[in-house]
Amino acid sequence: WYIGNVVNSQVVGKKKIASNVKSLDINYNHDTLRRGRYMIQVIAYNAEDGCYDSVSVETRVTDIEPAYTLRDTTVCLNDIAVFEQRPDSYDVNQAFWIHPDNPTAEIEISPEQDSVFYNFNSLNIRRVTVVGYDVYGCRAETTIPVKVYQPQAAFFADIVSDCLPFTSKFTDTTVSDTVIVSREWNLGNGETISGNDSIVQTVYTEKGLTSPSLRVTDILGCESYYRASNYIKPFV
């Protein structure tokens, strides 16, 4: 038994791979045979008179690689993320996007598309998978890890009800995996505070329920907004 590469209709690198066996299993993997065309030849000899005959079969080995990469390695909740096809993607005849919210659904990617778009509307998304098929039906997939970021704005006030006028101090209790770089306070009494103060205070002088709010932005540009409805309740 012999095997060799087929290059420009010529067999090169021919080598013996077995002898004195009627059948042969060939392991097509990265360690033995890489993508390309191969000629398998078996030569049978007659032990009595030395006559022989041979037969050759050409086979093709594919090594499909649907390679995509995330343009921005970090995305905010509800961002439109872009996955671009890498130059080392090859032999892909059809490609499908496996929807992170429905792993059993495959959404076809048009051959004209060199990018895939997806709206990350859940913090639970951890990976995205693209499946590729070559012209022979061979299948391969690539998985891109994803981290979706989203701060969760929150705060509390030390005094929410008292006789007018009274001073209330607000403390930011935002939960975030990243650094908060901007805080915009609207304290509901006409006073707004911009900057990055995590603790602010204001004086309430008028009766009526008040709904303070806080908008935070992290270092990635991810935003979160929290409004405490009817939170401040002055005594009347």
# chains A, B, ... in the order shown; residues from 1 in each chain; ligands from 1
call {"tool": "residues_around", "arguments": {"residues": "range 39-47 of chain A", "least_positions_apart": "3", "cutoff": "6 Å", "atoms": "only C-alpha atoms", "output": "CSV table (one decimal) with all heavy atoms, in the first residue's frame"}}
result
chain,number,residue,atom,x,y,z
A,1,TRP,N,0.9,-1.2,0.0
A,1,TRP,CA,0.0,0.0,0.0
A,1,TRP,C,0.9,1.2,0.0
A,1,TRP,O,1.9,1.3,0.8
A,1,TRP,CB,-0.9,0.0,1.2
A,1,TRP,CG,-1.9,-1.1,1.3
A,1,TRP,CD1,-1.7,-2.3,1.6
A,1,TRP,CD2,-3.3,-0.9,0.9
A,1,TRP,NE1,-2.9,-3.1,1.6
A,1,TRP,CE2,-3.9,-2.2,1.1
A,1,TRP,CE3,-4.1,0.1,0.4
A,1,TRP,CZ2,-5.2,-2.5,0.8
A,1,TRP,CZ3,-5.4,-0.1,0.2
A,1,TRP,CH2,-6.0,-1.4,0.4
A,2,TYR,N,0.5,2.2,-0.9
A,2,TYR,CA,1.3,3.5,-1.0
A,2,TYR,C,0.4,4.6,-0.9
A,2,TYR,O,-0.8,4.6,-1.3
A,2,TYR,CB,2.1,3.5,-2.3
A,2,TYR,CG,3.2,2.4,-2.4
A,2,TYR,CD1,2.8,1.2,-2.9
A,2,TYR,CD2,4.5,2.7,-2.0
A,2,TYR,CE1,3.8,0.2,-3.0
A,2,TYR,CE2,5.4,1.7,-2.1
A,2,TYR,CZ,5.1,0.5,-2.6
A,2,TYR,OH,6.1,-0.5,-2.7
A,3,ILE,N,0.9,5.8,-0.5
A,3,ILE,CA,0.2,7.0,-0.5
A,3,ILE,C,1.1,8.1,-1.0
A,3,ILE,O,2.3,8.1,-0.7
A,3,ILE,CB,-0.5,7.4,0.8
A,3,ILE,CG1,-1.4,8.5,0.7
A,3,ILE,CG2,0.6,7.6,1.9
A,3,ILE,CD1,-2.2,8.8,2.0
A,4,GLY,N,0.5,9.1,-1.7
A,4,GLY,CA,1.3,10.2,-2.2
A,4,GLY,C,0.4,11.4,-2.4
A,4,GLY,O,-0.8,11.3,-2.7
A,50,GLY,N,5.6,-13.9,-10.1
A,50,GLY,CA,6.0,-12.5,-9.9
A,50,GLY,C,5.2,-11.5,-10.7
A,50,GLY,O,5.5,-10.3,-10.7
A,51,CYS,N,4.1,-11.9,-11.3
A,51,CYS,CA,3.2,-11.0,-12.0
A,51,CYS,C,2.5,-10.1,-10.9
A,51,CYS,O,2.3,-10.5,-9.8
A,51,CYS,CB,2.2,-11.7,-12.8
A,51,CYS,SG,2.9,-12.6,-14.2
A,52,TYR,N,2.1,-8.9,-11.4
A,52,TYR,CA,1.5,-8.0,-10.4
A,52,TYR,C,0.5,-7.1,-11.1
A,52,TYR,O,0.5,-7.0,-12.4
A,52,TYR,CB,2.5,-7.1,-9.7
A,52,TYR,CG,3.2,-6.1,-10.6
A,52,TYR,CD1,2.6,-4.8,-10.7
A,52,TYR,CD2,4.3,-6.4,-11.3
A,52,TYR,CE1,3.2,-3.9,-11.5
A,52,TYR,CE2,4.9,-5.5,-12.1
A,52,TYR,CZ,4.4,-4.2,-12.2
A,52,TYR,OH,5.0,-3.3,-13.0
A,53,ASP,N,-0.4,-6.5,-10.4
A,53,ASP,CA,-1.4,-5.6,-10.9
A,53,ASP,C,-1.6,-4.5,-9.8
A,53,ASP,O,-1.3,-4.8,-8.6
A,53,ASP,CB,-2.7,-6.3,-11.2
A,53,ASP,CG,-3.6,-5.4,-12.1
A,53,ASP,OD1,-3.1,-4.3,-12.5
A,53,ASP,OD2,-4.7,-5.8,-12.3
A,54,SER,N,-2.1,-3.4,-10.2
A,54,SER,CA,-2.2,-2.3,-9.2
A,54,SER,C,-3.5,-1.5,-9.5
A,54,SER,O,-4.0,-1.6,-10.6
A,54,SER,CB,-1.1,-1.4,-9.2
A,54,SER,OG,-1.0,-0.6,-10.4
A,55,VAL,N,-4.0,-0.9,-8.5
A,55,VAL,CA,-5.2,0.0,-8.6
A,55,VAL,C,-4.9,1.2,-7.7
A,55,VAL,O,-4.3,1.2,-6.7
A,55,VAL,CB,-6.5,-0.7,-8.2
A,55,VAL,CG1,-6.5,-1.1,-6.7
A,55,VAL,CG2,-7.7,0.1,-8.5
A,56,SER,N,-5.4,2.4,-8.2
A,56,SER,CA,-5.2,3.6,-7.5
A,56,SER,C,-6.5,4.3,-7.3
A,56,SER,O,-7.4,4.3,-8.2
A,56,SER,CB,-4.2,4.6,-8.3
A,56,SER,OG,-2.9,3.9,-8.4
A,57,VAL,N,-6.7,5.0,-6.2
A,57,VAL,CA,-7.9,5.7,-5.9
A,57,VAL,C,-7.4,7.1,-5.4
A,57,VAL,O,-6.6,7.2,-4.5
A,57,VAL,CB,-8.7,5.0,-4.8
A,57,VAL,CG1,-9.9,5.9,-4.4
A,57,VAL,CG2,-9.2,3.7,-5.3
A,58,GLU,N,-8.0,8.1,-5.9
A,58,GLU,CA,-7.7,9.5,-5.5
A,58,GLU,C,-8.7,9.9,-4.4
A,58,GLU,O,-9.9,9.6,-4.5
A,58,GLU,CB,-7.7,10.5,-6.6
A,58,GLU,CG,-7.3,11.9,-6.2
A,58,GLU,CD,-7.3,12.9,-7.3
A,58,GLU,OE1,-6.8,12.5,-8.4
A,58,GLU,OE2,-7.7,14.1,-7.1
call {"tool": "residues_around", "arguments": {"residues": "Glu206 in chain A", "least_positions_apart": "2", "cutoff": "8 Å", "atoms": "only C-alpha atoms", "output": "JSON, numbers by chain"}}
result
{"A": [164, 165, 204, 208, 234]}
call {"tool": "write_last_selection", "arguments": {"atoms": "N, CA and C atoms", "output": "mmCIF file, in the first residue's frame"}}
result
data_model
loop_
_atom_site.group_PDB
_atom_site.id
_atom_site.type_symbol
_atom_site.label_atom_id
_atom_site.label_comp_id
_atom_site.auth_asym_id
_atom_site.auth_seq_id
_atom_site.Cartn_x
_atom_site.Cartn_y
_atom_site.Cartn_z
ATOM 1 N N LEU A 164 -39.356 69.475 56.697
ATOM 2 C CA LEU A 164 -38.667 70.432 55.835
ATOM 3 C C LEU A 164 -38.128 71.599 56.655
ATOM 4 N N PRO A 165 -36.964 72.130 56.265
ATOM 5 C CA PRO A 165 -36.049 71.575 55.261
ATOM 6 C C PRO A 165 -35.166 70.492 55.891
ATOM 7 N N TYR A 204 -33.596 69.408 50.780
ATOM 8 C CA TYR A 204 -34.973 69.437 50.302
ATOM 9 C C TYR A 204 -35.737 70.478 51.106
ATOM 10 N N GLY A 208 -43.873 67.461 48.851
ATOM 11 C CA GLY A 208 -44.170 66.658 47.663
ATOM 12 C C GLY A 208 -43.176 65.524 47.483
ATOM 13 N N PRO A 234 -41.069 64.064 52.119
ATOM 14 C CA PRO A 234 -41.028 65.047 53.218
ATOM 15 C C PRO A 234 -42.325 64.988 54.056
#
call {"tool": "select_by_dssp", "arguments": {"residues": "range 30-198 of chain A", "states": "strand (DSSP E or B)", "output": "PyMOL selection string"}}
result
chain A and resi 36-45+52-61+65+68-70+74-76+80-85+90+94-98+106-109+115-119+127-133+139-145+147-149+152+155-157+163+166-172+175+180-186+192-195
call {"tool": "closest_atom_pairs", "arguments": {"of": "range 100-210 of chain A", "to": "range 90-95 of chain A", "cutoff": "10 Å", "atoms": "only C-alpha atoms", "output": "CSV"}}
result
residue,atom,partner,partner_atom,distance
A:Glu106,CA,A:Ala95,CA,9.0
A:Ile107,CA,A:Ala95,CA,8.4
A:Glu108,CA,A:Ala95,CA,6.0
A:Ile109,CA,A:Ala95,CA,5.4
A:Ser110,CA,A:Ala95,CA,7.6
A:Pro111,CA,A:Gln94,CA,7.1
A:Gln113,CA,A:Ala95,CA,10.0
A:Val130,CA,A:Ala95,CA,6.8
A:Val131,CA,A:Ala95,CA,5.5
A:Gly132,CA,A:Ala95,CA,4.3
A:Tyr133,CA,A:Gln94,CA,5.2
A:Asp134,CA,A:Asn93,CA,4.6
A:Val135,CA,A:Asn93,CA,5.7
A:Tyr136,CA,A:Asn93,CA,9.0
A:Gly137,CA,A:Asn93,CA,8.9
A:Cys138,CA,A:Val92,CA,9.5
A:Arg139,CA,A:Val92,CA,9.2
A:Ala140,CA,A:Val92,CA,9.2
A:Glu141,CA,A:Ala95,CA,9.1
call {"tool": "write_last_selection", "arguments": {"atoms": "all heavy atoms", "output": "compact mmCIF listing (two decimals), in the first residue's frame"}}
result
# COMPACT_ATOMS: atom_id res chain seq x y z
N GLU A 106 -29.69 27.09 13.63
CA GLU A 106 -28.57 27.54 12.82
C GLU A 106 -29.08 28.54 11.79
O GLU A 106 -29.97 28.24 11.00
CB GLU A 106 -27.88 26.37 12.12
CG GLU A 106 -27.16 25.43 13.06
CD GLU A 106 -26.35 24.37 12.33
OE1 GLU A 106 -26.42 24.35 11.08
OE2 GLU A 106 -25.66 23.58 12.99
N ILE A 107 -28.53 29.76 11.82
CA ILE A 107 -28.96 30.82 10.92
C ILE A 107 -27.87 30.99 9.86
O ILE A 107 -26.72 31.26 10.18
CB ILE A 107 -29.17 32.14 11.69
CG1 ILE A 107 -30.18 31.92 12.82
CG2 ILE A 107 -29.63 33.24 10.75
CD1 ILE A 107 -30.30 33.09 13.77
N GLU A 108 -28.25 30.83 8.60
CA GLU A 108 -27.25 30.84 7.53
C GLU A 108 -26.63 32.22 7.36
O GLU A 108 -27.30 33.25 7.43
CB GLU A 108 -27.86 30.39 6.21
CG GLU A 108 -26.84 30.27 5.09
CD GLU A 108 -27.38 29.60 3.84
OE1 GLU A 108 -28.61 29.36 3.79
OE2 GLU A 108 -26.58 29.32 2.93
N ILE A 109 -25.33 32.22 7.14
CA ILE A 109 -24.58 33.44 6.85
C ILE A 109 -24.39 33.50 5.34
O ILE A 109 -23.86 32.57 4.74
CB ILE A 109 -23.22 33.45 7.56
CG1 ILE A 109 -23.41 33.31 9.06
CG2 ILE A 109 -22.44 34.71 7.23
CD1 ILE A 109 -22.12 33.08 9.82
N SER A 110 -24.79 34.58 4.73
CA SER A 110 -24.65 34.72 3.29
C SER A 110 -23.18 34.70 2.88
O SER A 110 -22.33 35.24 3.59
CB SER A 110 -25.28 36.04 2.83
OG SER A 110 -24.94 36.33 1.49
N PRO A 111 -22.85 34.06 1.74
CA PRO A 111 -21.44 34.03 1.29
C PRO A 111 -20.85 35.42 1.08
O PRO A 111 -19.63 35.60 1.14
CB PRO A 111 -21.52 33.27 -0.04
CG PRO A 111 -22.78 32.46 0.06
CD PRO A 111 -23.73 33.29 0.87
N GLN A 113 -21.32 37.88 3.05
CA GLN A 113 -21.07 38.51 4.34
C GLN A 113 -19.66 38.17 4.85
O GLN A 113 -19.30 37.00 4.94
CB GLN A 113 -22.08 38.02 5.39
CG GLN A 113 -23.46 38.61 5.28
CD GLN A 113 -24.35 38.09 6.39
OE1 GLN A 113 -24.98 37.05 6.26
NE2 GLN A 113 -24.40 38.83 7.48
N VAL A 130 -19.89 29.75 15.33
CA VAL A 130 -20.15 29.74 13.90
C VAL A 130 -19.78 28.36 13.36
O VAL A 130 -18.70 27.84 13.64
CB VAL A 130 -19.33 30.82 13.17
CG1 VAL A 130 -19.55 30.72 11.66
CG2 VAL A 130 -19.73 32.21 13.66
N VAL A 131 -20.70 27.75 12.62
CA VAL A 131 -20.50 26.42 12.05
C VAL A 131 -20.28 26.56 10.55
O VAL A 131 -21.00 27.32 9.87
CB VAL A 131 -21.72 25.52 12.31
CG1 VAL A 131 -21.54 24.17 11.64
CG2 VAL A 131 -21.92 25.35 13.81
N GLY A 132 -19.29 25.85 10.03
CA GLY A 132 -19.01 25.89 8.60
C GLY A 132 -19.08 24.50 7.98
O GLY A 132 -18.77 23.50 8.64
N TYR A 133 -19.51 24.45 6.72
CA TYR A 133 -19.54 23.21 5.95
C TYR A 133 -18.79 23.43 4.65
O TYR A 133 -18.92 24.50 4.02
CB TYR A 133 -20.98 22.78 5.64
CG TYR A 133 -21.81 22.45 6.85
CD1 TYR A 133 -22.52 23.45 7.52
CD2 TYR A 133 -21.89 21.15 7.33
CE1 TYR A 133 -23.30 23.14 8.63
CE2 TYR A 133 -22.66 20.84 8.44
CZ TYR A 133 -23.36 21.84 9.08
OH TYR A 133 -24.12 21.55 10.18
N ASP A 134 -18.00 22.43 4.23
CA ASP A 134 -17.35 22.55 2.93
C ASP A 134 -18.22 21.88 1.86
O ASP A 134 -19.34 21.43 2.13
CB ASP A 134 -15.93 21.96 2.96
CG ASP A 134 -15.92 20.46 3.17
OD1 ASP A 134 -16.99 19.84 3.13
OD2 ASP A 134 -14.82 19.92 3.37
N VAL A 135 -17.71 21.83 0.62
CA VAL A 135 -18.52 21.31 -0.48
C VAL A 135 -18.78 19.82 -0.34
O VAL A 135 -19.66 19.27 -1.01
CB VAL A 135 -17.82 21.59 -1.83
CG1 VAL A 135 -17.78 23.08 -2.11
CG2 VAL A 135 -16.42 20.98 -1.86
N TYR A 136 -18.03 19.14 0.54
CA TYR A 136 -18.22 17.70 0.73
C TYR A 136 -19.09 17.38 1.94
O TYR A 136 -19.31 16.22 2.27
CB TYR A 136 -16.86 17.01 0.88
CG TYR A 136 -15.93 17.32 -0.25
CD1 TYR A 136 -14.91 18.25 -0.09
CD2 TYR A 136 -16.08 16.71 -1.49
CE1 TYR A 136 -14.06 18.56 -1.14
CE2 TYR A 136 -15.23 17.01 -2.54
CZ TYR A 136 -14.23 17.93 -2.37
OH TYR A 136 -13.40 18.24 -3.41
N GLY A 137 -19.58 18.43 2.60
CA GLY A 137 -20.41 18.22 3.77
C GLY A 137 -19.65 18.08 5.07
O GLY A 137 -20.25 17.83 6.11
N CYS A 138 -18.32 18.22 5.01
CA CYS A 138 -17.54 18.18 6.25
C CYS A 138 -17.88 19.40 7.10
O CYS A 138 -18.06 20.50 6.58
CB CYS A 138 -16.05 18.14 5.95
SG CYS A 138 -15.54 16.66 5.04
N ARG A 139 -17.93 19.19 8.40
CA ARG A 139 -18.40 20.23 9.32
C ARG A 139 -17.31 20.60 10.32
O ARG A 139 -16.57 19.74 10.80
CB ARG A 139 -19.63 19.73 10.08
CG ARG A 139 -20.24 20.72 11.07
CD ARG A 139 -21.38 20.03 11.82
NE ARG A 139 -22.14 20.94 12.65
CZ ARG A 139 -21.80 21.32 13.87
NH1 ARG A 139 -20.68 20.84 14.41
NH2 ARG A 139 -22.56 22.14 14.56
N ALA A 140 -17.21 21.86 10.60
CA ALA A 140 -16.32 22.35 11.66
C ALA A 140 -16.95 23.59 12.26
O ALA A 140 -17.78 24.26 11.64
CB ALA A 140 -14.93 22.66 11.12
N GLU A 141 -16.57 23.90 13.49
CA GLU A 141 -17.12 25.08 14.13
C GLU A 141 -16.04 25.83 14.88
O GLU A 141 -15.02 25.27 15.27
CB GLU A 141 -18.26 24.72 15.07
CG GLU A 141 -17.87 23.86 16.25
CD GLU A 141 -19.07 23.53 17.13
OE1 GLU A 141 -20.12 23.13 16.59
OE2 GLU A 141 -18.94 23.67 18.36
call {"tool": "residues_around", "arguments": {"residues": "Gly36 in chain A", "least_positions_apart": "5", "cutoff": "9 Å", "atoms": "only C-alpha atoms", "output": "list in words"}}
result
Asn5, Val6, Val7, Thr59, Arg60, Val61, Thr62 and Asp63 of chain A
call {"tool": "write_last_selection", "arguments": {"atoms": "N, CA and C atoms", "output": "CSV table (one decimal), in the first residue's frame"}}
result
chain,number,residue,atom,x,y,z
A,5,ASN,N,1.0,12.6,-2.4
A,5,ASN,CA,0.2,13.9,-2.7
A,5,ASN,C,0.0,14.0,-4.2
A,6,VAL,N,-1.1,14.5,-4.6
A,6,VAL,CA,-1.4,14.8,-6.0
A,6,VAL,C,-1.2,16.3,-6.1
A,7,VAL,N,-0.2,16.7,-6.9
A,7,VAL,CA,0.1,18.2,-7.1
A,7,VAL,C,0.3,18.4,-8.6
A,59,THR,N,-8.2,10.5,-3.3
A,59,THR,CA,-9.1,11.0,-2.3
A,59,THR,C,-8.7,12.4,-1.9
A,60,ARG,N,-9.6,13.1,-1.4
A,60,ARG,CA,-9.4,14.6,-1.1
A,60,ARG,C,-9.6,14.8,0.4
A,61,VAL,N,-8.7,15.4,1.0
A,61,VAL,CA,-8.8,15.7,2.5
A,61,VAL,C,-9.0,17.2,2.7
A,62,THR,N,-10.1,17.5,3.3
A,62,THR,CA,-10.4,18.9,3.6
A,62,THR,C,-10.1,19.2,5.1
A,63,ASP,N,-9.8,20.4,5.4
A,63,ASP,CA,-9.5,20.8,6.8
A,63,ASP,C,-10.2,22.1,7.0
call {"tool": "closest_residue", "arguments": {"among": "A:Thr217, A:Thr210, A:Thr174, A:Thr74", "to": "Gly195 in chain A", "atoms": "only C-alpha atoms"}}
result
A:Thr217
call {"tool": "residues_around", "arguments": {"residues": "range 181-192 of chain A", "least_positions_apart": "5", "cutoff": "10 Å", "atoms": "only C-alpha atoms", "output": "short mmCIF file (atom, residue, chain, number, x, y, z; two decimals) with C-alpha atoms, in the first residue's frame"}}
result
data_model
loop_
_atom_site.label_atom_id
_atom_site.label_comp_id
_atom_site.auth_asym_id
_atom_site.auth_seq_id
_atom_site.Cartn_x
_atom_site.Cartn_y
_atom_site.Cartn_z
CA ALA A 153 -26.88 51.51 38.91
CA SER A 168 -30.13 64.01 52.57
CA PHE A 170 -26.90 59.82 48.72
CA ASP A 172 -23.85 55.15 45.07
CA ASP A 197 -18.88 61.62 42.90
CA SER A 198 -20.07 58.42 44.56
CA ILE A 199 -21.46 60.35 47.56
CA VAL A 200 -23.49 63.56 47.19
CA GLN A 201 -25.92 65.51 49.31
CA THR A 202 -28.69 68.00 48.78
CA VAL A 203 -31.26 69.98 50.75
CA TYR A 204 -34.97 69.44 50.30
CA THR A 205 -37.08 72.50 51.03
CA GLU A 206 -40.38 71.85 49.25
CA GLY A 208 -44.17 66.66 47.66
CA LEU A 209 -42.78 63.30 46.65
CA THR A 210 -39.43 63.37 44.83
CA SER A 211 -37.84 60.80 42.47
CA PRO A 212 -34.03 61.11 42.39
CA SER A 213 -32.04 59.27 39.72
CA LEU A 214 -28.49 58.23 38.84
CA ARG A 215 -26.85 57.47 35.51
CA VAL A 216 -23.47 55.73 35.61
CA THR A 217 -20.96 55.03 32.81
CA ASP A 218 -18.10 52.56 33.11
CA ILE A 219 -14.67 52.65 31.50
CA LEU A 220 -15.96 50.68 28.50
CA GLY A 221 -18.73 53.17 27.84
CA GLU A 223 -24.29 52.84 30.86
CA SER A 224 -26.96 52.13 33.44
CA TYR A 225 -29.79 54.32 34.72
CA TYR A 226 -31.70 54.01 37.98
CA ARG A 227 -34.63 56.14 39.14
CA ALA A 228 -36.10 55.74 42.61
CA SER A 229 -39.75 56.65 42.12
CA ASN A 230 -41.29 58.74 44.92
CA TYR A 231 -38.27 57.95 47.08
CA ILE A 232 -38.05 61.22 49.05
#
call {"tool": "residues_around", "arguments": {"residues": "Ser176 in chain A", "least_positions_apart": "2", "cutoff": "9 Å", "atoms": "only C-alpha atoms", "output": "ChimeraX atom specification"}}
result
/A:149-153,174,178-180,218
call {"tool": "write_last_selection", "arguments": {"atoms": "N, CA, C and O atoms", "output": "short mmCIF file (atom, residue, chain, number, x, y, z; two decimals), in the first residue's frame"}}
result
data_model
loop_
_atom_site.label_atom_id
_atom_site.label_comp_id
_atom_site.auth_asym_id
_atom_site.auth_seq_id
_atom_site.Cartn_x
_atom_site.Cartn_y
_atom_site.Cartn_z
N TYR A 149 -20.77 43.24 29.32
CA TYR A 149 -20.64 44.07 30.52
C TYR A 149 -21.87 44.97 30.66
O TYR A 149 -22.43 45.45 29.67
N GLN A 150 -22.25 45.19 31.89
CA GLN A 150 -23.34 46.12 32.16
C GLN A 150 -23.36 46.47 33.64
O GLN A 150 -23.66 45.61 34.49
N PRO A 151 -23.02 47.71 34.00
CA PRO A 151 -23.17 48.11 35.41
C PRO A 151 -24.65 48.16 35.77
O PRO A 151 -25.50 48.38 34.91
N GLN A 152 -24.93 47.94 37.04
CA GLN A 152 -26.30 48.02 37.55
C GLN A 152 -26.37 49.17 38.55
O GLN A 152 -25.96 49.04 39.71
N ALA A 153 -26.84 50.31 38.08
CA ALA A 153 -26.88 51.51 38.91
C ALA A 153 -27.84 51.34 40.08
O ALA A 153 -28.92 50.75 39.95
N THR A 174 -23.77 51.16 43.05
CA THR A 174 -23.77 50.49 41.75
C THR A 174 -22.92 49.22 41.79
O THR A 174 -21.83 49.21 42.37
N THR A 178 -16.56 46.54 36.10
CA THR A 178 -15.54 47.47 35.60
C THR A 178 -15.58 48.76 36.42
O THR A 178 -16.45 48.95 37.27
N VAL A 179 -14.65 49.64 36.11
CA VAL A 179 -14.53 50.90 36.85
C VAL A 179 -15.56 51.91 36.34
O VAL A 179 -15.70 52.11 35.13
N ILE A 180 -16.28 52.52 37.27
CA ILE A 180 -17.22 53.58 36.92
C ILE A 180 -16.43 54.88 36.76
O ILE A 180 -15.69 55.29 37.65
N ASP A 218 -19.36 53.20 32.72
CA ASP A 218 -18.10 52.56 33.11
C ASP A 218 -17.01 52.87 32.09
O ASP A 218 -17.22 53.60 31.11
#
